[in-house]
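K.L.:
First the structure, then my questions, so here it is.
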Amino acid sequence: MSPTPQTRQRDPLAPSREAVPGLAPSEDGGRGTAARAAGERRDQGSKGRDAYFDNAKYLAIVLVAMGHSWPLVLSGSRTTEALYMWVYVFHMPAFVLISGYFSRSFDMKPRKLMRLVSSVVVPYAVFQAAYAVFFGVMEGERVPVRMLSPWFLMWFLMALFFWRLLTPLFLAVRWPVPLALLIAAAAAAVPDIGQQLSAQRVLQFLPFFVLGLRLRPEHFRLVQRWRARWAAAVVCPVSFAVVYWAAPRTRLDWVYRNHGAQEMGQPWWVGVLTTVALSGAALALTACFLAWVPRRRMWFTSLGAGTIGGYLLHGFVVRYAEYAGWARTYHLETPVGRVVVTVCAVALVTVLCAPVVRRALKPVTEPDLGWAFRKAAGGVR
């Protein structure tokens, strides 16, 4: 079957060159503040990076890679199907929320626009073309390069571009999150808007980006308390049990968020209600995910700076495995095979997030476009 834009799923954060806000301690009434502050400075490492957010980005990209690999072995396993659907409820909302948090200082000043072009537009254009060539080779036919209809996981970069442009507006309006949720619900009620510009996903994931814009460090401190972690330890298994029951009865398109309700044979009002309900569930599970993200530097913390590489590159391997029929060839549709696929996906994306890969991709993912902008835009140093 010939691949088409939006039928291939998913989602990392484009590299941010802005300082990451630190997370101050909050649970002991002020005792030991200086000591912990010193520890946090050590955890932040160089260039103002915060270990907590780098850990969150790495763990989120691991979930993305796992989710992309599981369709290879979904057949015959209700547990794998339920786990796949459960992860898809929240892993992209978590990514989008963090993206919004890092976009709080975006405005229409020339320097910020230059960074938007270099970190989002250029990678999108290059890898959109690369995936078109890749799918064409795999299918044995010529595939056109459609810049307005994202291939596979390229939808996220297009969405990020539009969300960043909308940032000043949502920072200015009085009730930004309810407005964004209203827009998302309305989008789910409108059919045939999903292909061009990835419009359905841009609108349906918008509330999480806007929520990220409104968050502050103290909000992340709230979910890092042990009470929140214990609550997450209860919410996660209960929510998975609900998804396990619902999986055979629910279309995956609902969690992909790339179709309106009427395109799935449902009346428009079902799309509105489902979008609101899914957004609430995604927010709860995102909070659970963030609650258990380590706050200190871990062995994988440095990999959080390279999630753009892991995100853009792992799709080639996953889709090649699909075209080559590795699941059938190596008899992976077994409990042991599913574990092997999951471990391989984690190992693959971990390698692709490594600093050496980030440096190799820098001309594409972080190009210096100073030559293309006027001096007022910061193009001349």
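Chains: A, B, ... in order of the structure tokens. Residues: from 1 per chain. Ligands: from 1, in order shown.
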Pull the closest atom pair for each residue of region 30-136 of chain A that gets at most 8 Å from region 141-158 of chain A, along with the distance in Å to one decimal, counting only C-alpha atoms, ordering rows by chain and then ascending residue number, as a tab-separated table.
P.N.:
residue	atom	partner	partner_atom	distance
A:Val120	CA	A:Leu157	CA	5.9
A:Val121	CA	A:Leu157	CA	7.5
A:Tyr124	CA	A:Leu157	CA	6.1
A:Ala125	CA	A:Met147	CA	7.0
A:Phe127	CA	A:Met154	CA	7.6
A:Gln128	CA	A:Trp151	CA	6.4
A:Ala129	CA	A:Val145	CA	5.6
A:Tyr131	CA	A:Trp151	CA	6.7
A:Ala132	CA	A:Val145	CA	5.6
A:Val133	CA	A:Val143	CA	6.7
A:Phe135	CA	A:Val143	CA	7.0
A:Gly136	CA	A:Val143	CA	4.9
K.L.:
Could you please write out, as a VMD selection string, every residue of region 85-298 of chain A that DSSP assigns to helix (DSSP H, G or I)?
P.N.:
chain A and resid 85 to 101 110 to 139 152 to 172 176 to 188 196 to 204 206 to 214 217 to 223 226 to 249 253 to 256 261 to 264 268 to 291
K.L.:
Create the file for the chosen residues now, containing C-alpha atoms and written as a short mmCIF file (atom, residue, chain, number, x, y, z; two decimals), in the first residue's frame.
P.N.:
data_model
loop_
_atom_site.label_atom_id
_atom_site.label_comp_id
_atom_site.auth_asym_id
_atom_site.auth_seq_id
_atom_site.Cartn_x
_atom_site.Cartn_y
_atom_site.Cartn_z
CA MET A 85 -3.32 2.86 22.95
CA TRP A 86 -2.56 3.83 26.57
CA VAL A 87 0.83 5.31 25.63
CA TYR A 88 -0.68 7.16 22.69
CA VAL A 89 -3.19 8.86 24.98
CA PHE A 90 -0.46 10.90 26.67
CA HIS A 91 3.00 10.66 25.09
CA MET A 92 2.38 13.35 22.45
CA PRO A 93 0.41 15.61 24.80
CA ALA A 94 3.41 15.46 27.16
CA PHE A 95 5.78 16.40 24.34
CA VAL A 96 3.51 19.22 23.18
CA LEU A 97 3.08 20.58 26.70
CA ILE A 98 6.85 20.74 27.24
CA SER A 99 7.20 22.38 23.83
CA GLY A 100 4.76 25.05 24.93
CA TYR A 101 6.66 25.58 28.16
CA PRO A 110 13.58 38.96 14.10
CA ARG A 111 15.99 36.89 16.21
CA LYS A 112 13.20 34.57 17.40
CA LEU A 113 11.86 34.21 13.88
CA MET A 114 15.33 33.30 12.64
CA ARG A 115 15.54 30.58 15.28
CA LEU A 116 12.09 29.33 14.33
CA VAL A 117 13.21 28.95 10.73
CA SER A 118 16.51 27.28 11.59
CA SER A 119 15.22 24.85 14.23
CA VAL A 120 11.82 23.98 12.76
CA VAL A 121 11.36 25.00 9.11
CA VAL A 122 14.71 23.78 7.80
CA PRO A 123 14.56 20.34 9.49
CA TYR A 124 10.99 19.96 8.30
CA ALA A 125 11.83 20.74 4.67
CA VAL A 126 14.89 18.47 4.60
CA PHE A 127 13.31 15.46 6.28
CA GLN A 128 9.96 15.86 4.52
CA ALA A 129 11.88 15.42 1.27
CA ALA A 130 13.96 12.59 2.74
CA TYR A 131 10.89 10.63 3.83
CA ALA A 132 9.28 11.11 0.41
CA VAL A 133 12.38 9.62 -1.24
CA PHE A 134 12.50 6.83 1.33
CA PHE A 135 8.86 5.83 0.86
CA GLY A 136 9.29 6.03 -2.90
CA VAL A 137 12.26 3.64 -2.79
CA MET A 138 10.43 1.23 -0.49
CA GLU A 139 7.34 1.26 -2.68
CA PHE A 152 4.65 10.07 8.92
CA LEU A 153 6.06 11.84 12.01
CA MET A 154 6.81 15.13 10.26
CA TRP A 155 3.44 16.53 11.34
CA PHE A 156 4.90 17.58 14.68
CA LEU A 157 7.37 20.06 13.19
CA MET A 158 4.67 21.62 11.06
CA ALA A 159 2.41 21.86 14.10
CA LEU A 160 5.20 23.36 16.19
CA PHE A 161 5.73 26.03 13.55
CA PHE A 162 2.10 27.15 13.69
CA TRP A 163 1.90 26.89 17.48
CA ARG A 164 4.95 29.11 17.88
CA LEU A 165 3.44 31.71 15.55
CA LEU A 166 0.26 31.66 17.64
CA THR A 167 2.15 32.08 20.92
CA PRO A 168 1.84 35.89 21.19
CA LEU A 169 -1.91 35.63 20.63
CA PHE A 170 -2.47 33.00 23.33
CA LEU A 171 -0.26 34.90 25.75
CA ALA A 172 -2.47 37.95 25.21
CA PRO A 176 -6.21 30.90 26.57
CA VAL A 177 -6.60 27.27 27.67
CA PRO A 178 -10.43 27.14 27.49
CA LEU A 179 -10.24 28.89 24.12
CA ALA A 180 -7.72 26.33 22.81
CA LEU A 181 -9.88 23.46 24.10
CA LEU A 182 -12.92 24.94 22.39
CA ILE A 183 -10.96 25.13 19.13
CA ALA A 184 -9.81 21.51 19.50
CA ALA A 185 -13.34 20.26 20.17
CA ALA A 186 -14.68 22.19 17.19
CA ALA A 187 -11.97 20.70 14.96
CA ALA A 188 -13.02 17.18 15.94
CA GLN A 196 -3.32 19.70 4.38
CA LEU A 197 -1.03 21.42 6.91
CA SER A 198 -1.74 18.64 9.40
CA ALA A 199 -4.64 20.85 10.47
CA GLN A 200 -6.56 18.32 12.57
CA ARG A 201 -3.58 17.56 14.78
CA VAL A 202 -2.46 21.17 14.92
CA LEU A 203 -5.85 22.08 16.36
CA GLN A 204 -6.53 19.02 18.52
CA LEU A 206 -3.28 22.96 20.61
CA PRO A 207 -4.65 22.94 24.21
CA PHE A 208 -1.54 21.17 25.50
CA PHE A 209 0.78 23.65 23.84
CA VAL A 210 -1.21 26.58 25.23
CA LEU A 211 -1.25 24.99 28.68
CA GLY A 212 2.53 24.69 28.47
CA LEU A 213 2.70 28.41 27.70
CA ARG A 214 0.85 29.17 30.93
CA PRO A 217 8.29 26.18 37.44
CA GLU A 218 6.10 25.92 40.55
CA HIS A 219 3.55 23.89 38.61
CA PHE A 220 6.18 21.28 37.79
CA ARG A 221 7.24 21.26 41.44
CA LEU A 222 3.70 20.27 42.39
CA VAL A 223 3.81 17.03 40.38
CA TRP A 226 5.77 12.31 46.68
CA ARG A 227 2.02 12.63 47.17
CA ALA A 228 1.69 13.22 43.43
CA ARG A 229 3.96 10.27 42.70
CA TRP A 230 1.92 7.93 44.85
CA ALA A 231 -1.24 9.19 43.19
CA ALA A 232 0.36 8.47 39.81
CA ALA A 233 1.16 4.95 40.97
CA VAL A 234 -2.59 4.42 41.44
CA VAL A 235 -3.86 6.33 38.40
CA CYS A 236 -1.60 4.56 35.88
CA PRO A 237 -2.69 0.93 36.50
CA VAL A 238 -6.34 1.95 36.86
CA SER A 239 -6.26 3.90 33.59
CA PHE A 240 -4.50 1.02 31.85
CA ALA A 241 -7.24 -1.36 33.03
CA VAL A 242 -9.83 0.97 31.51
CA VAL A 243 -7.92 1.13 28.22
CA TYR A 244 -7.49 -2.68 28.24
CA TRP A 245 -11.28 -3.00 28.42
CA ALA A 246 -11.84 -0.30 25.79
CA ALA A 247 -9.15 -1.31 23.28
CA PRO A 248 -11.20 -3.87 21.28
CA ARG A 249 -14.14 -1.46 21.22
CA ASP A 253 -7.93 7.07 15.17
CA TRP A 254 -9.29 8.69 18.32
CA VAL A 255 -5.87 8.74 19.97
CA TYR A 256 -4.08 9.62 16.72
CA ALA A 261 -15.70 12.31 14.21
CA GLN A 262 -17.75 12.16 11.02
CA GLU A 263 -14.82 10.63 9.15
CA MET A 264 -15.00 7.79 11.68
CA TRP A 268 -20.18 15.60 15.30
CA TRP A 269 -21.14 15.87 18.98
CA VAL A 270 -19.35 12.58 19.73
CA GLY A 271 -16.15 14.21 18.44
CA VAL A 272 -16.66 17.16 20.77
CA LEU A 273 -17.26 15.02 23.86
CA THR A 274 -14.49 12.57 23.02
CA THR A 275 -11.95 15.34 22.48
CA VAL A 276 -12.75 16.88 25.86
CA ALA A 277 -12.63 13.49 27.60
CA LEU A 278 -9.40 12.45 25.89
CA SER A 279 -7.82 15.79 26.75
CA GLY A 280 -8.67 15.29 30.40
CA ALA A 281 -7.26 11.76 30.37
CA ALA A 282 -4.14 12.90 28.53
CA LEU A 283 -3.57 15.70 31.03
CA ALA A 284 -3.91 13.31 33.98
CA LEU A 285 -1.49 10.77 32.48
CA THR A 286 0.94 13.53 31.46
CA ALA A 287 0.99 14.67 35.09
CA CYS A 288 1.68 11.05 36.12
CA PHE A 289 4.53 10.84 33.62
CA LEU A 290 6.07 14.11 34.80
CA ALA A 291 5.70 13.04 38.42
#
K.L.:
What is the distance between CA of Gln224 (chain A) and CA of Trp175 (chain A), in Å to one decimal?
P.N.:
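CA of Trp175 (chain A) lies at a distance of 26.3 Å from CA of Gln224 (chain A).
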K.L.:
Check the smallest atom-to-atom distance from each of A:Val173, A:Val357, A:Leu252, A:Val190 to Leu83 (chain A) using only C-alpha atoms, then report the winner.
P.N.:
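Ranking A:Val173, A:Val357, A:Leu252, A:Val190 by distance to Leu83 (chain A), first place goes to A:Leu252.
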K.L.:
Which of these residues is nearest to Trp292 (chain A), using only C-alpha atoms: A:Ala60, A:Ala360, A:Val336, A:Leu369?
P.N.:
A:Ala60
K.L.:
Fewer than 2 positions away in the same chain doesn't count, so skip those; otherwise give me all residues within 12 Å of Gly306 (chain A), counting only C-alpha atoms, as a PDB file with C-alpha atoms, in the first residue's frame.
P.N.:
ATOM      1  CA  PRO A  12      10.310  15.385  19.575  1.00  0.00           C
ATOM      2  CA  LEU A  13      11.002  18.696  20.721  1.00  0.00           C
ATOM      3  CA  ALA A  14      12.863  20.927  18.367  1.00  0.00           C
ATOM      4  CA  PRO A  15      16.093  22.007  20.027  1.00  0.00           C
ATOM      5  CA  SER A  16      15.686  25.084  22.147  1.00  0.00           C
ATOM      6  CA  ASP A  54      16.240  16.755  29.564  1.00  0.00           C
ATOM      7  CA  ASN A  55      15.203  13.583  31.410  1.00  0.00           C
ATOM      8  CA  LYS A  57      12.412  14.719  26.801  1.00  0.00           C
ATOM      9  CA  TYR A  58      14.524  11.578  26.617  1.00  0.00           C
ATOM     10  CA  LEU A  59      11.893   9.415  28.325  1.00  0.00           C
ATOM     11  CA  ILE A  61      11.121  10.097  22.936  1.00  0.00           C
ATOM     12  CA  PHE A 300      20.600   9.467  29.967  1.00  0.00           C
ATOM     13  CA  THR A 301      20.228  13.147  30.882  1.00  0.00           C
ATOM     14  CA  SER A 302      22.613  14.379  28.199  1.00  0.00           C
ATOM     15  CA  LEU A 303      20.554  12.504  25.602  1.00  0.00           C
ATOM     16  CA  GLY A 304      17.636  14.853  26.231  1.00  0.00           C
ATOM     17  CA  ILE A 308      15.368  15.897  17.611  1.00  0.00           C
ATOM     18  CA  GLY A 309      17.787  13.419  16.037  1.00  0.00           C
ATOM     19  CA  GLY A 310      16.172  10.423  17.684  1.00  0.00           C
ATOM     20  CA  TYR A 311      12.771  11.609  16.576  1.00  0.00           C
ATOM     21  CA  LEU A 312      13.590  12.334  12.956  1.00  0.00           C
ATOM     22  CA  LEU A 313      15.785   9.298  12.296  1.00  0.00           C
ATOM     23  CA  VAL A 349      16.419   5.840  19.828  1.00  0.00           C
ATOM     24  CA  THR A 350      19.001   6.027  22.614  1.00  0.00           C
ATOM     25  CA  VAL A 351      21.824   5.749  20.094  1.00  0.00           C
ATOM     26  CA  LEU A 352      20.168   8.300  17.804  1.00  0.00           C
ATOM     27  CA  CYS A 353      19.947  10.823  20.658  1.00  0.00           C
ATOM     28  CA  ALA A 354      23.683  10.565  21.339  1.00  0.00           C
ATOM     29  CA  PRO A 355      25.810  13.745  21.145  1.00  0.00           C
ATOM     30  CA  VAL A 356      27.737  12.450  18.118  1.00  0.00           C
ATOM     31  CA  VAL A 357      24.482  12.127  16.151  1.00  0.00           C
ATOM     32  CA  ARG A 358      23.350  15.559  17.271  1.00  0.00           C
ATOM     33  CA  ARG A 359      26.617  17.074  16.049  1.00  0.00           C
ATOM     34  CA  ALA A 360      26.325  15.268  12.715  1.00  0.00           C
ATOM     35  CA  LEU A 361      22.773  16.589  12.216  1.00  0.00           C
ATOM     36  CA  LYS A 362      23.534  20.118  13.364  1.00  0.00           C
ATOM     37  CA  THR A 365      18.609  20.710  12.745  1.00  0.00           C
ATOM     38  CA  GLU A 366      20.502  23.764  14.037  1.00  0.00           C
TER      39      GLU A 366
END
K.L.:
Measure the distance from CA of Arg257 (chain A) to CA of His68 (chain A) in Å and round it to one decimal.
P.N.:
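Result for CA of Arg257 (chain A) versus CA of His68 (chain A): 15.5 Å, one decimal.
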